[in-house]
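In what follows, a single structure is set out as structure tokens and then discussed.
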Amino acid sequence: MGSVEDRQLVSPVGATVVSVIAARTTVPANYPVVTLRFDGFGLTGDLSNLVATVGNAPFAGKFQVTDGVGPTDCSGVVPLASDASSGAEGQSSTISVSDSYACLIPTDSLVRAGQSAILVVTAQARNDVASLPVTAVAGRLQKGQVRRPDGTVLDVGLGATDGARIEITSGLKAGDAVSATPPDLDPQSK
């Protein structure tokens, strides 16, 4: 579809281009520069918790229609745009990205409007990162605390989580010992 600096913009599926931001326009991070319309079925869901833990990592998904097709790979898992305000004659003057995402169903899948389905969305696994069990860390979004065996509380940076373990991005070194009980949940804390 185009490029931003040296990064190519590629549509995850066949879609119609609705709008493109003007060339050489400076925009903030995560601002939609191309808006697409997919003419097909999709399953939507709020992925704000997943986005908060893994950032803008590419997502993949599978769906299973109740008493129907599946499990089938999504053609793409993409953020949905929402109209923030309306312009003249019903035209949108501002588009923002919401916390809702859509699993785009392949156009050759035998589905009908109104069918229910189960959707599983995943992000790419990260290897070789420092992590702790989530039960040992107070906090979940970007900042947290851990307790050392001597009782001191240490601020740590937090990254991705799989629900059982959470990435430690700063504040600890490999081999550092921490308590299994986080600071704010320790019954002996004052």
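Convention: chains lettered A, B, ... in structure tokens order; per-chain residue numbering from 1; ligands numbered from 1 as shown.
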Contacts of range 137-144 of chain A at 12 Å or less, counting only C-alpha atoms, minus same-chain residues fewer than 2 places along, as an mmCIF file with C-alpha atoms, in the first residue's frame?
```cif
data_model
loop_
_atom_site.group_PDB
_atom_site.id
_atom_site.type_symbol
_atom_site.label_atom_id
_atom_site.label_comp_id
_atom_site.auth_asym_id
_atom_site.auth_seq_id
_atom_site.Cartn_x
_atom_site.Cartn_y
_atom_site.Cartn_z
ATOM 1 C CA SER A 48 -7.128 -4.113 25.638
ATOM 2 C CA ASN A 49 -5.657 -6.436 28.286
ATOM 3 C CA LEU A 50 -3.592 -8.305 25.690
ATOM 4 C CA VAL A 51 -2.466 -5.057 24.038
ATOM 5 C CA ALA A 52 -1.463 -3.660 27.449
ATOM 6 C CA THR A 53 0.813 -6.631 28.090
ATOM 7 C CA VAL A 54 2.376 -7.207 24.656
ATOM 8 C CA GLY A 55 2.069 -3.819 22.965
ATOM 9 C CA SER A 131 10.654 -13.084 33.995
ATOM 10 C CA LEU A 132 9.061 -13.903 37.324
ATOM 11 C CA PRO A 133 5.827 -15.626 38.306
ATOM 12 C CA VAL A 134 3.039 -13.022 38.316
ATOM 13 C CA THR A 135 2.314 -14.056 41.904
ATOM 14 C CA VAL A 146 9.107 -7.026 44.159
ATOM 15 C CA ARG A 147 10.374 -7.816 47.635
ATOM 16 C CA ARG A 148 13.928 -9.019 48.221
ATOM 17 C CA VAL A 153 11.092 -3.363 48.173
ATOM 18 C CA LEU A 154 12.456 -2.837 44.686
ATOM 19 C CA ASP A 155 10.758 -1.027 41.770
ATOM 20 C CA VAL A 156 10.853 -3.007 38.514
ATOM 21 C CA GLY A 157 9.832 -2.382 34.935
ATOM 22 C CA LEU A 158 7.273 -4.806 33.540
ATOM 23 C CA GLY A 159 6.667 -6.053 30.021
ATOM 24 C CA ALA A 160 4.699 -8.864 28.419
ATOM 25 C CA THR A 161 2.881 -11.533 30.390
ATOM 26 C CA ASP A 162 1.334 -14.870 29.494
ATOM 27 C CA GLY A 163 -0.810 -14.867 32.619
ATOM 28 C CA ALA A 164 1.572 -17.089 34.589
ATOM 29 C CA ARG A 165 4.874 -15.219 34.191
ATOM 30 C CA ILE A 166 5.645 -11.540 33.609
ATOM 31 C CA GLU A 167 8.653 -10.010 31.879
ATOM 32 C CA ILE A 168 10.996 -7.911 34.016
ATOM 33 C CA THR A 169 12.411 -5.131 31.814
ATOM 34 C CA SER A 170 14.429 -3.248 34.455
ATOM 35 C CA GLY A 171 15.316 -3.182 38.126
ATOM 36 C CA LEU A 172 16.668 -6.739 38.470
ATOM 37 C CA VAL A 178 13.157 -12.103 45.250
ATOM 38 C CA SER A 179 10.433 -13.175 47.649
ATOM 39 C CA ALA A 180 7.575 -15.290 46.327
ATOM 40 C CA THR A 181 5.117 -12.826 47.925
ATOM 41 C CA PRO A 182 4.811 -9.340 46.409
ATOM 42 C CA PRO A 183 5.182 -6.282 48.682
ATOM 43 C CA ASP A 184 1.562 -5.189 48.867
ATOM 44 C CA LEU A 185 0.305 -8.708 49.607
ATOM 45 C CA ASP A 186 2.823 -9.628 52.306
#
```
Practice problem: Write out as a PyMOL selection string all residues of range 28-179 of chain A that backbone DSSP assigns to strand (DSSP E or B). | Solution: chain A and resi 34-37+42-46+59-65+72-73+76-86+92-104+117-123+131-133+138+143-147+153-161+165-170
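Distances here use only C-alpha atoms; by that measure, the residue among A:Val33, A:Ala174, A:Val13, A:Ala123 closest to Cys74 in chain A is A:Val13.
Separating CA of Gly42 in chain A from CA of Ile21 in chain A is a distance of 25.3 Å.
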Extract, using only C-alpha atoms, all DNA, RNA and protein residues at most 8 Å from Thr44 in chain A, discarding same-chain residues fewer than 2 positions from it, and format them as a PDB file with C-alpha atoms, in the first residue's frame.
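Produced file part00.pdb, reproduced below:
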```pdb
ATOM      1  CA  GLY A  42     -15.469 -10.919  11.233  1.00  0.00           C
ATOM      2  CA  ASP A  46     -11.862  -6.218  23.260  1.00  0.00           C
ATOM      3  CA  SER A 100     -11.632  -3.628  19.761  1.00  0.00           C
ATOM      4  CA  TYR A 101     -10.040  -5.949  17.251  1.00  0.00           C
ATOM      5  CA  ALA A 102     -11.528  -8.108  14.525  1.00  0.00           C
ATOM      6  CA  CYS A 103     -10.672 -11.611  13.436  1.00  0.00           C
TER       7      CYS A 103
END
```
**Message:** Let's see if you can do this: from backbone DSSP, list all alpha helix (DSSP H) residues in range 22-150 of chain A, as an MDAnalysis selection string.
**Reply:** chainID A and resid 48:54
Convert the current residue selection to file output with N, CA, C and O atoms, as a PDB file, in the first residue's frame.
```pdb
ATOM      1  N   SER A  48      -7.901  -5.122  24.915  1.00  0.00           N
ATOM      2  CA  SER A  48      -7.128  -4.113  25.638  1.00  0.00           C
ATOM      3  C   SER A  48      -6.166  -4.730  26.646  1.00  0.00           C
ATOM      4  O   SER A  48      -5.051  -4.250  26.810  1.00  0.00           O
ATOM      5  N   ASN A  49      -6.570  -5.799  27.330  1.00  0.00           N
ATOM      6  CA  ASN A  49      -5.657  -6.436  28.286  1.00  0.00           C
ATOM      7  C   ASN A  49      -4.460  -7.064  27.582  1.00  0.00           C
ATOM      8  O   ASN A  49      -3.334  -6.963  28.056  1.00  0.00           O
ATOM      9  N   LEU A  50      -4.691  -7.708  26.449  1.00  0.00           N
ATOM     10  CA  LEU A  50      -3.592  -8.305  25.690  1.00  0.00           C
ATOM     11  C   LEU A  50      -2.677  -7.223  25.125  1.00  0.00           C
ATOM     12  O   LEU A  50      -1.457  -7.326  25.215  1.00  0.00           O
ATOM     13  N   VAL A  51      -3.263  -6.152  24.586  1.00  0.00           N
ATOM     14  CA  VAL A  51      -2.466  -5.057  24.038  1.00  0.00           C
ATOM     15  C   VAL A  51      -1.628  -4.416  25.140  1.00  0.00           C
ATOM     16  O   VAL A  51      -0.460  -4.072  24.934  1.00  0.00           O
ATOM     17  N   ALA A  52      -2.195  -4.278  26.338  1.00  0.00           N
ATOM     18  CA  ALA A  52      -1.463  -3.660  27.449  1.00  0.00           C
ATOM     19  C   ALA A  52      -0.250  -4.484  27.857  1.00  0.00           C
ATOM     20  O   ALA A  52       0.738  -3.942  28.335  1.00  0.00           O
ATOM     21  N   THR A  53      -0.302  -5.800  27.662  1.00  0.00           N
ATOM     22  CA  THR A  53       0.813  -6.631  28.090  1.00  0.00           C
ATOM     23  C   THR A  53       1.824  -6.917  26.995  1.00  0.00           C
ATOM     24  O   THR A  53       2.988  -7.161  27.290  1.00  0.00           O
ATOM     25  N   VAL A  54       1.419  -6.882  25.737  1.00  0.00           N
ATOM     26  CA  VAL A  54       2.376  -7.207  24.656  1.00  0.00           C
ATOM     27  C   VAL A  54       2.596  -6.062  23.690  1.00  0.00           C
ATOM     28  O   VAL A  54       3.401  -6.177  22.776  1.00  0.00           O
TER      29      VAL A  54
END
```
Identify, on the basis of only C-alpha atoms, every residue whose closest approach to Gly40 in chain A does not exceed 9 Å; exclude the query and any residue fewer than 2 positions from it along the same chain; express the result as a PDB file with N, CA, C and O atoms, in the first residue's frame.
```pdb
ATOM      1  N   PHE A  38     -12.946  -3.976   4.987  1.00  0.00           N
ATOM      2  CA  PHE A  38     -12.989  -5.392   4.642  1.00  0.00           C
ATOM      3  C   PHE A  38     -14.430  -5.763   4.372  1.00  0.00           C
ATOM      4  O   PHE A  38     -15.297  -5.579   5.226  1.00  0.00           O
ATOM      5  N   GLY A  42     -16.527 -10.988  10.238  1.00  0.00           N
ATOM      6  CA  GLY A  42     -15.469 -10.919  11.233  1.00  0.00           C
ATOM      7  C   GLY A  42     -16.033 -11.131  12.621  1.00  0.00           C
ATOM      8  O   GLY A  42     -17.226 -10.990  12.848  1.00  0.00           O
ATOM      9  N   LEU A 104     -10.676 -11.373  11.022  1.00  0.00           N
ATOM     10  CA  LEU A 104     -11.297 -11.355   9.699  1.00  0.00           C
ATOM     11  C   LEU A 104     -11.436 -12.789   9.212  1.00  0.00           C
ATOM     12  O   LEU A 104     -10.454 -13.528   9.119  1.00  0.00           O
ATOM     13  N   ILE A 105     -12.670 -13.180   8.913  1.00  0.00           N
ATOM     14  CA  ILE A 105     -12.961 -14.555   8.506  1.00  0.00           C
ATOM     15  C   ILE A 105     -12.673 -14.701   7.021  1.00  0.00           C
ATOM     16  O   ILE A 105     -13.110 -13.866   6.209  1.00  0.00           O
ATOM     17  N   PRO A 106     -11.933 -15.749   6.641  1.00  0.00           N
ATOM     18  CA  PRO A 106     -11.649 -15.948   5.216  1.00  0.00           C
ATOM     19  C   PRO A 106     -12.944 -15.943   4.399  1.00  0.00           C
ATOM     20  O   PRO A 106     -13.961 -16.495   4.824  1.00  0.00           O
ATOM     21  N   THR A 107     -12.895 -15.295   3.256  1.00  0.00           N
ATOM     22  CA  THR A 107     -14.109 -15.131   2.445  1.00  0.00           C
ATOM     23  C   THR A 107     -14.659 -16.443   1.918  1.00  0.00           C
ATOM     24  O   THR A 107     -15.823 -16.508   1.546  1.00  0.00           O
TER      25      THR A 107
END
```
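With CA of Met1 in chain A on one side and CA of Leu43 in chain A on the other, the separation reads 24.5 Å.
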Item to complete: Excluding Ala23 in chain A and any residue of its chain fewer than 3 positions from it, enumerate the residues within 12 Å of it, using only C-alpha atoms, and give them as a list in words.
Response: Gly2, Ser3, Val4, Glu5, Val20, Thr26, Val27, Val33 and Val34 of chain A
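Each of A:Gln145, A:Thr152, A:Gln64, A:Asn127 was checked against Gln115 in chain A using only C-alpha atoms; the smallest atom-to-atom distance is that of A:Gln64.
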